[in-house]
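Shown next: coords-v9.cif, containing mmCIF, C-alpha atoms.
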```
data_start
#
loop_
_atom_site.label_atom_id
_atom_site.label_comp_id
_atom_site.auth_asym_id
_atom_site.auth_seq_id
_atom_site.Cartn_x
_atom_site.Cartn_y
_atom_site.Cartn_z
CA MET A 1 21.50 -27.62 -6.08
CA PRO A 2 19.78 -26.00 -3.07
CA THR A 3 19.61 -22.22 -3.15
CA PHE A 4 20.63 -20.02 -0.22
CA ILE A 5 16.97 -19.10 0.38
CA SER A 6 15.85 -22.73 0.50
CA LEU A 7 18.68 -23.64 2.89
CA LEU A 8 17.88 -20.67 5.11
CA ALA A 9 14.19 -21.56 5.12
CA CYS A 10 15.06 -25.11 6.18
CA ALA A 11 17.37 -23.81 8.91
CA VAL A 12 14.65 -21.57 10.26
CA SER A 13 12.16 -24.42 10.30
CA LEU A 14 14.44 -26.32 12.68
CA PHE A 15 13.66 -23.70 15.31
CA ILE A 16 9.94 -24.34 15.03
CA LEU A 17 8.06 -26.67 17.34
CA VAL A 18 4.96 -28.18 15.81
CA VAL A 19 2.38 -26.96 18.30
CA PRO A 20 -0.85 -25.07 17.73
CA ALA A 21 -0.28 -21.34 17.17
CA SER A 22 -1.84 -19.33 19.98
CA GLY A 23 -3.88 -17.14 17.64
CA GLN A 24 -5.34 -20.04 15.65
CA LYS A 25 -8.92 -21.10 16.29
CA ALA A 26 -9.87 -24.57 15.07
CA PRO A 27 -13.30 -23.48 13.75
CA LEU A 28 -11.66 -20.68 11.71
CA VAL A 29 -9.18 -23.09 10.14
CA GLU A 30 -11.93 -25.59 9.38
CA ALA A 31 -14.00 -22.86 7.74
CA ALA A 32 -10.94 -21.88 5.71
CA LYS A 33 -10.54 -25.44 4.47
CA LYS A 34 -14.11 -25.38 3.19
CA GLU A 35 -13.23 -22.26 1.16
CA GLY A 36 -10.52 -24.17 -0.68
CA ALA A 37 -7.71 -24.42 1.91
CA ARG A 38 -5.72 -21.57 0.37
CA VAL A 39 -5.04 -17.89 0.96
CA VAL A 40 -3.83 -15.41 -1.66
CA VAL A 41 -1.38 -12.86 -0.30
CA TYR A 42 0.14 -9.78 -1.96
CA GLY A 43 3.18 -8.29 -0.23
CA SER A 44 6.57 -6.61 -0.49
CA MET A 45 8.43 -8.78 2.04
CA GLU A 46 11.36 -10.72 0.61
CA SER A 47 10.16 -14.00 -0.83
CA GLY A 48 12.51 -16.13 1.28
CA ILE A 49 11.10 -14.79 4.54
CA ALA A 50 7.47 -14.94 3.42
CA GLU A 51 7.94 -18.47 2.11
CA SER A 52 9.50 -19.60 5.40
CA ILE A 53 6.44 -18.29 7.25
CA ALA A 54 4.08 -19.85 4.70
CA LYS A 55 5.80 -23.23 5.03
CA VAL A 56 5.20 -23.41 8.78
CA PHE A 57 1.67 -22.01 8.41
CA LEU A 58 0.83 -24.80 5.94
CA LYS A 59 2.27 -27.41 8.29
CA LYS A 60 0.20 -26.14 11.21
CA THR A 61 -3.09 -25.45 9.45
CA GLY A 62 -3.14 -27.32 6.15
CA LEU A 63 -3.74 -23.98 4.38
CA GLN A 64 -1.67 -23.17 1.30
CA VAL A 65 -0.30 -19.64 0.84
CA ASP A 66 -0.14 -18.27 -2.72
CA TYR A 67 2.28 -15.35 -2.38
CA TRP A 68 2.81 -12.64 -4.98
CA ARG A 69 5.73 -10.36 -4.18
CA ALA A 70 6.55 -6.94 -5.67
CA SER A 71 7.64 -3.47 -4.57
CA SER A 72 5.25 -1.65 -2.24
CA THR A 73 4.15 0.65 -5.05
CA LYS A 74 3.37 -2.26 -7.38
CA VAL A 75 1.56 -4.14 -4.61
CA MET A 76 -0.65 -1.12 -4.03
CA ASP A 77 -1.26 -0.54 -7.74
CA ARG A 78 -2.29 -4.15 -8.38
CA ALA A 79 -4.55 -4.36 -5.33
CA LEU A 80 -6.24 -1.05 -6.15
CA SER A 81 -6.71 -1.99 -9.80
CA GLU A 82 -8.37 -5.29 -8.94
CA TYR A 83 -10.52 -3.72 -6.25
CA ARG A 84 -11.71 -0.85 -8.47
CA VAL A 85 -12.95 -3.20 -11.19
CA GLY A 86 -14.71 -5.31 -8.55
CA LYS A 87 -12.61 -8.43 -9.08
CA PRO A 88 -10.02 -8.67 -6.28
CA LEU A 89 -8.07 -11.93 -6.37
CA PHE A 90 -6.27 -11.37 -3.07
CA ASP A 91 -7.26 -12.14 0.51
CA VAL A 92 -4.48 -10.39 2.40
CA VAL A 93 -2.05 -7.54 1.74
CA PHE A 94 1.03 -6.63 3.74
CA THR A 95 3.42 -3.80 2.93
CA ILE A 96 4.61 -0.43 4.22
CA ALA A 97 2.43 2.12 5.94
CA ASP A 98 1.59 4.77 3.34
CA PRO A 99 0.41 2.40 0.56
CA MET A 100 -1.59 0.48 3.19
CA LYS A 101 -3.22 3.70 4.41
CA ILE A 102 -4.02 4.77 0.86
CA MET A 103 -5.70 1.42 0.21
CA GLN A 104 -7.51 1.60 3.54
CA ARG A 105 -8.92 5.04 2.68
CA GLU A 106 -10.21 3.65 -0.62
CA GLY A 107 -12.12 0.93 1.21
CA VAL A 108 -9.95 -1.99 0.10
CA PHE A 109 -9.71 -3.52 3.57
CA ALA A 110 -12.16 -5.08 5.98
CA ARG A 111 -11.78 -4.42 9.70
CA TYR A 112 -10.33 -7.48 11.40
CA ASP A 113 -9.14 -7.36 15.02
CA SER A 114 -6.81 -10.31 15.30
CA PRO A 115 -6.51 -11.89 18.77
CA THR A 116 -2.72 -11.85 18.36
CA ALA A 117 -2.69 -8.04 18.15
CA LYS A 118 -2.83 -7.79 21.95
CA ASP A 119 0.88 -8.63 22.23
CA TYR A 120 2.05 -5.48 20.43
CA PRO A 121 3.02 -2.15 22.03
CA LYS A 122 0.14 0.31 22.04
CA ASP A 123 2.16 2.89 20.10
CA ALA A 124 2.62 0.33 17.30
CA ILE A 125 -1.12 -0.14 16.75
CA ASP A 126 -2.94 1.86 14.10
CA PRO A 127 -6.65 2.40 14.83
CA ASN A 128 -7.62 1.18 11.36
CA LEU A 129 -4.88 -1.23 10.32
CA GLY A 130 -3.95 -2.81 13.65
CA PRO A 131 -0.39 -3.56 14.77
CA SER A 132 2.73 -2.70 12.83
CA TYR A 133 4.64 -5.98 12.81
CA ARG A 134 8.02 -4.63 11.61
CA ASN A 135 9.90 -1.42 10.88
CA LEU A 136 11.96 -0.99 7.74
CA MET A 137 15.03 1.13 8.53
CA ILE A 138 16.50 3.07 5.62
CA GLY A 139 20.17 3.91 5.85
CA ILE A 140 23.56 3.65 4.15
CA VAL A 141 24.96 0.25 3.18
CA TYR A 142 28.39 -0.15 1.59
CA ASN A 143 30.74 -2.76 0.15
CA LYS A 144 33.71 -3.27 2.50
CA ASN A 145 35.92 -4.56 -0.30
CA ALA A 146 35.36 -1.44 -2.40
CA ILE A 147 35.25 1.08 0.46
CA ASN A 148 37.61 0.60 3.38
CA PRO A 149 35.54 0.81 6.59
CA GLY A 150 37.84 3.58 7.80
CA ASP A 151 37.07 5.57 4.67
CA ALA A 152 33.32 4.90 4.67
CA PRO A 153 30.83 7.74 5.14
CA ARG A 154 29.78 8.30 8.74
CA SER A 155 26.65 10.36 8.13
CA LEU A 156 24.12 11.27 5.47
CA GLU A 157 25.94 14.57 5.01
CA ASP A 158 29.16 12.70 4.19
CA LEU A 159 27.54 11.38 1.00
CA LEU A 160 27.96 14.87 -0.43
CA LYS A 161 31.76 14.69 -0.23
CA PRO A 162 33.63 14.61 -3.56
CA GLN A 163 35.23 11.21 -2.90
CA TYR A 164 31.80 9.55 -3.01
CA ARG A 165 30.63 11.12 -6.25
CA GLY A 166 29.64 8.41 -8.72
CA LYS A 167 29.68 5.78 -5.98
CA LEU A 168 26.09 6.07 -4.73
CA VAL A 169 22.95 4.26 -5.85
CA MET A 170 19.45 4.89 -4.49
CA PRO A 171 15.79 4.31 -5.39
CA ASP A 172 14.36 6.81 -7.86
CA PRO A 173 12.27 9.30 -5.85
CA THR A 174 10.31 10.25 -8.96
CA GLN A 175 9.03 6.67 -9.26
CA HIS A 176 9.41 4.78 -6.00
CA THR A 177 6.93 5.72 -3.27
CA THR A 178 9.18 4.97 -0.31
CA ALA A 179 12.10 6.94 -1.77
CA THR A 180 9.77 9.91 -2.25
CA GLN A 181 8.61 9.58 1.34
CA TRP A 182 12.17 9.21 2.67
CA LEU A 183 13.38 12.42 1.07
CA ALA A 184 10.24 14.28 2.15
CA SER A 185 10.84 13.12 5.73
CA LEU A 186 14.50 14.09 6.06
CA HIS A 187 13.43 17.20 7.94
CA ARG A 188 12.76 14.89 10.89
CA LEU A 189 16.49 14.21 11.08
CA MET A 190 18.03 17.54 10.08
CA GLY A 191 15.37 20.26 10.12
CA LYS A 192 13.41 21.80 7.24
CA GLU A 193 15.92 24.26 5.76
CA LYS A 194 18.88 21.90 6.00
CA SER A 195 16.93 18.98 4.51
CA GLU A 196 15.76 21.02 1.53
CA ARG A 197 19.34 22.10 0.83
CA TYR A 198 20.60 18.56 1.39
CA ILE A 199 18.18 17.07 -1.16
CA ARG A 200 19.39 19.47 -3.84
CA ASP A 201 23.03 18.84 -2.99
CA LEU A 202 22.45 15.07 -3.03
CA ALA A 203 20.86 15.28 -6.47
CA ALA A 204 23.84 17.32 -7.67
CA THR A 205 26.15 14.38 -6.93
CA ARG A 206 24.25 12.47 -9.66
CA PRO A 207 23.52 9.23 -7.81
CA MET A 208 22.39 6.27 -9.89
CA LEU A 209 18.60 5.98 -9.64
CA VAL A 210 16.96 2.56 -9.72
CA GLU A 211 13.40 1.32 -9.45
CA SER A 212 13.18 0.24 -5.79
CA LEU A 213 15.11 -0.48 -2.58
CA LEU A 214 16.40 -3.89 -3.68
CA PRO A 215 18.55 -2.97 -6.73
CA PRO A 216 20.78 -0.60 -4.70
CA VAL A 217 21.98 -3.36 -2.37
CA GLU A 218 22.37 -5.76 -5.30
CA ARG A 219 24.76 -3.30 -6.96
CA ALA A 220 26.58 -2.62 -3.71
CA SER A 221 26.97 -6.36 -3.13
CA THR A 222 28.88 -6.82 -6.38
CA GLY A 223 30.88 -3.62 -5.89
CA GLU A 224 29.50 -2.19 -9.13
CA ILE A 225 28.37 0.87 -7.16
CA PRO A 226 29.74 0.49 -3.65
CA ILE A 227 27.42 2.72 -1.57
CA ALA A 228 23.65 2.35 -1.39
CA ILE A 229 20.73 4.09 0.22
CA THR A 230 18.59 1.08 1.03
CA LEU A 231 17.13 -1.06 3.81
CA VAL A 232 19.64 -1.67 6.58
CA HIS A 233 18.52 -5.26 7.18
CA TYR A 234 19.78 -6.13 3.69
CA THR A 235 23.25 -5.98 5.26
CA TYR A 236 22.43 -9.22 7.06
CA VAL A 237 20.35 -10.83 4.31
CA PHE A 238 23.00 -10.36 1.62
CA GLY A 239 25.81 -10.99 4.10
CA GLN A 240 24.42 -14.51 4.54
CA LYS A 241 25.01 -14.99 0.82
CA GLY A 242 28.65 -13.90 1.22
CA ALA A 243 28.33 -10.25 0.21
CA PRO A 244 30.98 -8.09 1.98
CA LEU A 245 28.53 -5.49 3.29
CA ASP A 246 28.33 -3.25 6.32
CA TYR A 247 26.08 -0.35 7.25
CA VAL A 248 26.79 3.13 8.56
CA ARG A 249 25.90 3.36 12.26
CA LEU A 250 23.52 6.30 12.09
CA PRO A 251 22.00 6.74 15.55
CA ARG A 252 18.61 7.72 14.13
CA MET A 253 17.14 6.28 10.95
CA LEU A 254 14.01 7.08 9.03
CA GLY A 255 11.86 4.11 8.37
CA ASP A 256 8.41 2.80 7.72
CA SER A 257 5.97 0.76 9.71
CA ASN A 258 4.41 -2.28 8.03
CA TYR A 259 0.87 -3.57 8.34
CA VAL A 260 -1.15 -6.59 7.29
CA ALA A 261 -4.85 -6.38 6.39
CA LEU A 262 -7.76 -8.45 5.13
CA SER A 263 -9.40 -7.64 1.80
CA ASN A 264 -12.92 -6.24 2.03
CA LYS A 265 -13.86 -8.66 -0.75
CA ALA A 266 -11.60 -11.58 0.09
CA PRO A 267 -12.33 -14.74 -1.93
CA HIS A 268 -11.17 -16.76 1.11
CA PRO A 269 -11.97 -14.56 4.14
CA ASN A 270 -11.56 -17.23 6.81
CA ALA A 271 -8.21 -18.32 5.38
CA GLY A 272 -7.21 -14.66 5.31
CA LYS A 273 -8.08 -14.24 9.00
CA ALA A 274 -6.24 -17.43 9.94
CA PHE A 275 -3.16 -16.24 8.06
CA ILE A 276 -3.21 -12.82 9.75
CA ASP A 277 -3.53 -14.46 13.17
CA TYR A 278 -0.45 -16.56 12.51
CA PHE A 279 1.51 -13.83 10.73
CA LEU A 280 1.24 -11.50 13.75
CA ASP A 281 1.94 -14.21 16.32
CA ASP A 282 5.21 -14.94 18.15
CA GLU A 283 6.36 -17.80 15.95
CA SER A 284 6.10 -15.84 12.71
CA ILE A 285 7.67 -12.76 14.31
CA ASN A 286 10.67 -14.79 15.47
CA ILE A 287 11.12 -16.21 11.97
CA MET A 288 11.23 -12.66 10.63
CA ALA A 289 13.75 -11.54 13.25
CA LYS A 290 16.05 -14.54 12.69
CA MET A 291 16.09 -13.66 9.00
CA GLY A 292 17.11 -10.04 9.59
CA GLU A 293 13.92 -8.07 10.21
CA PHE A 294 13.43 -5.29 12.77
CA VAL A 295 10.23 -6.56 14.40
CA ASN A 296 7.94 -4.72 16.78
CA ARG A 297 8.36 -6.93 19.79
CA LYS A 298 10.35 -5.76 22.80
CA GLY A 299 13.73 -7.44 23.19
CA ILE A 300 13.68 -9.18 19.78
CA TYR A 301 16.32 -7.93 17.33
CA PRO A 302 17.78 -9.14 14.04
CA PRO A 303 21.25 -10.76 14.14
CA LEU A 304 22.83 -7.51 12.96
CA PRO A 305 25.61 -5.81 14.97
CA ASP A 306 24.33 -2.81 16.99
CA ALA A 307 20.75 -3.33 15.85
CA ASP A 308 19.53 -2.56 19.35
CA ARG A 309 21.12 0.92 19.25
CA ILE A 310 19.19 2.23 16.25
CA GLN A 311 16.44 4.73 16.99
CA PHE A 312 13.52 4.33 14.60
CA VAL A 313 12.10 7.64 13.29
CA PRO A 314 8.78 7.21 11.46
CA MET A 315 8.48 8.92 8.09
CA ASP A 316 5.81 11.46 7.23
CA ASP A 317 2.37 10.17 6.35
CA LEU A 318 1.85 11.46 2.80
CA GLY A 319 -1.43 11.29 0.92
CA PRO A 320 -1.87 10.89 -2.86
CA LYS A 321 -1.81 14.66 -3.48
CA ALA A 322 1.40 15.14 -1.47
CA TYR A 323 3.05 12.24 -3.27
CA ALA A 324 2.19 13.71 -6.66
CA GLU A 325 3.56 17.10 -5.64
CA LYS A 326 6.78 15.64 -4.23
CA LYS A 327 7.38 13.40 -7.24
CA LYS A 328 7.01 16.44 -9.49
CA GLU A 329 9.41 18.42 -7.29
CA TYR A 330 12.01 15.64 -7.25
CA LYS A 331 11.74 15.15 -10.99
CA GLU A 332 12.86 18.75 -11.44
CA ILE A 333 15.71 18.27 -8.94
CA PHE A 334 17.02 14.79 -9.80
CA LEU A 335 16.28 14.48 -13.54
CA ARG A 336 17.07 17.93 -14.83
#
```
Show this structure as structure tokens.
Amino acid sequence: MPTFISLLACAVSLFILVVPASGQKAPLVEAAKKEGARVVVYGSMESGIAESIAKVFLKKTGLQVDYWRASSTKVMDRALSEYRVGKPLFDVVFTIADPMKIMQREGVFARYDSPTAKDYPKDAIDPNLGPSYRNLMIGIVYNKNAINPGDAPRSLEDLLKPQYRGKLVMPDPTQHTTATQWLASLHRLMGKEKSERYIRDLAATRPMLVESLLPPVERASTGEIPIAITLVHYTYVFGQKGAPLDYVRLPRMLGDSNYVALSNKAPHPNAGKAFIDYFLDDESINIMAKMGEFVNRKGIYPPLPDADRIQFVPMDDLGPKAYAEKKKEYKEIFLR
């Protein structure tokens, strides 16, 4: 029986016209075919979205995408491990900003200026990694069957109220890189002193801690734990599966930019370049948006109510030392 993801991928493909992608160069694609006509990609994007993009890319170019998906932390760890032993199996990596910047500083990536990068806003282009193709907004998602919308929290501070104790699930900030970064960046929303107090008060409510941003929305979807700190676009993704979810309309949300980069030792460098060209181009971006992503193209929004009203606030850029210090600090606060 067809799965939701396969049906959604087929639906998206109906929007696609089979015409040459503007960023594709015939000689590059031909060179990629001589390498084996495949590209190996590591990423943290949901498999259904990545597979929808890969399906159209294959149809246009004849190049097969081998996609390995994991959390951003695991993507970084695997790519770094392979690179350090001199045997990288991947051609392309895409995930959130801080892991990408850590890998870039270690020399994992080659510089590749894709011709499709010109269509991005200047403030979305990193001098080393190129354009950020999407922003991941982190907010509050809740189950409308378990929490009446009128009784739902209206702010981050509301999560501290007694009626929500035992009803919150979030990624473990002692393990998950993005959760660490999110807590460390709360000062951008509420100031330094208030954020430090808020983090301690939040830990005191004893939220359930899970390994990444996906398990919180899975638990909220079933009503097992009705309120989640997670990615806002999951409201749409899981809503398409029938989950009774909504999100709290915070006017400003912390989030992370996402980048795509070519391996410095790519086994299939031309295929990697061809994939990046397509991945950053209009067609791929529109596939992402239709499937719930907040993309970095003006006037393109996910089919999520009030998506155009959310102000994206970038999280702090933490290095390895800062991450280690924050994880240690949050271990003392959340796991004591």
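Among the candidates A:Gly319, A:Pro88, A:Gly299, A:Pro27, the one nearest to Thr61 of chain A when counting all atoms listed in the file is A:Pro27.
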Expected selection from the PyMOL selection byres ((chain A and resi 329) around 12), given as JSON, numbers by chain: {"A": [173, 174, 175, 180, 183, 184, 196, 199, 200, 203, 322, 323, 324, 325, 326, 327, 328, 330, 331, 332, 333, 334, 335, 336]}
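Excluding segment 129-141 of chain A itself and any same-chain residue fewer than 6 positions from it, the protein and nucleic acid residues within 7 Å of it, counting only C-alpha atoms, are Ala117, Tyr120, Ile227, Ala228, Ile229, Thr230, Leu231, Val232, Thr235, Leu245, Asp246, Tyr247, Val248, Met253, Leu254, Gly255, Asp256, Ser257, Asn258, Tyr259, Ala261, Leu280, Glu293, Phe294, Val295 and Asn296 of chain A.
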I need the residues from that last selection saved to file as a CSV table (one decimal), in the coordinates of the input (with C-alpha atoms), if you can.
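Output saved as selection_18.csv:
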```csv
chain,number,residue,atom,x,y,z
A,117,ALA,CA,-2.7,-8.0,18.2
A,120,TYR,CA,2.0,-5.5,20.4
A,227,ILE,CA,27.4,2.7,-1.6
A,228,ALA,CA,23.6,2.4,-1.4
A,229,ILE,CA,20.7,4.1,0.2
A,230,THR,CA,18.6,1.1,1.0
A,231,LEU,CA,17.1,-1.1,3.8
A,232,VAL,CA,19.6,-1.7,6.6
A,235,THR,CA,23.2,-6.0,5.3
A,245,LEU,CA,28.5,-5.5,3.3
A,246,ASP,CA,28.3,-3.2,6.3
A,247,TYR,CA,26.1,-0.4,7.2
A,248,VAL,CA,26.8,3.1,8.6
A,253,MET,CA,17.1,6.3,11.0
A,254,LEU,CA,14.0,7.1,9.0
A,255,GLY,CA,11.9,4.1,8.4
A,256,ASP,CA,8.4,2.8,7.7
A,257,SER,CA,6.0,0.8,9.7
A,258,ASN,CA,4.4,-2.3,8.0
A,259,TYR,CA,0.9,-3.6,8.3
A,261,ALA,CA,-4.8,-6.4,6.4
A,280,LEU,CA,1.2,-11.5,13.8
A,293,GLU,CA,13.9,-8.1,10.2
A,294,PHE,CA,13.4,-5.3,12.8
A,295,VAL,CA,10.2,-6.6,14.4
A,296,ASN,CA,7.9,-4.7,16.8
```
Name every residue that the PyMOL selection byres ((chain A and resi 67) around 9) selects in this structure, writing the answer as a PyMOL selection string with chains first and numbers rising. chain A and resi 39-43+47+50-51+54+65-66+68-69
Report the residues retrieved by the PyMOL selection byres ((chain A and resi 145-162) around 10) from the displayed file, expressed as a ChimeraX atom specification. /A:139-144,163-168,189-190,198,201-205,207,220-227,229,243-251
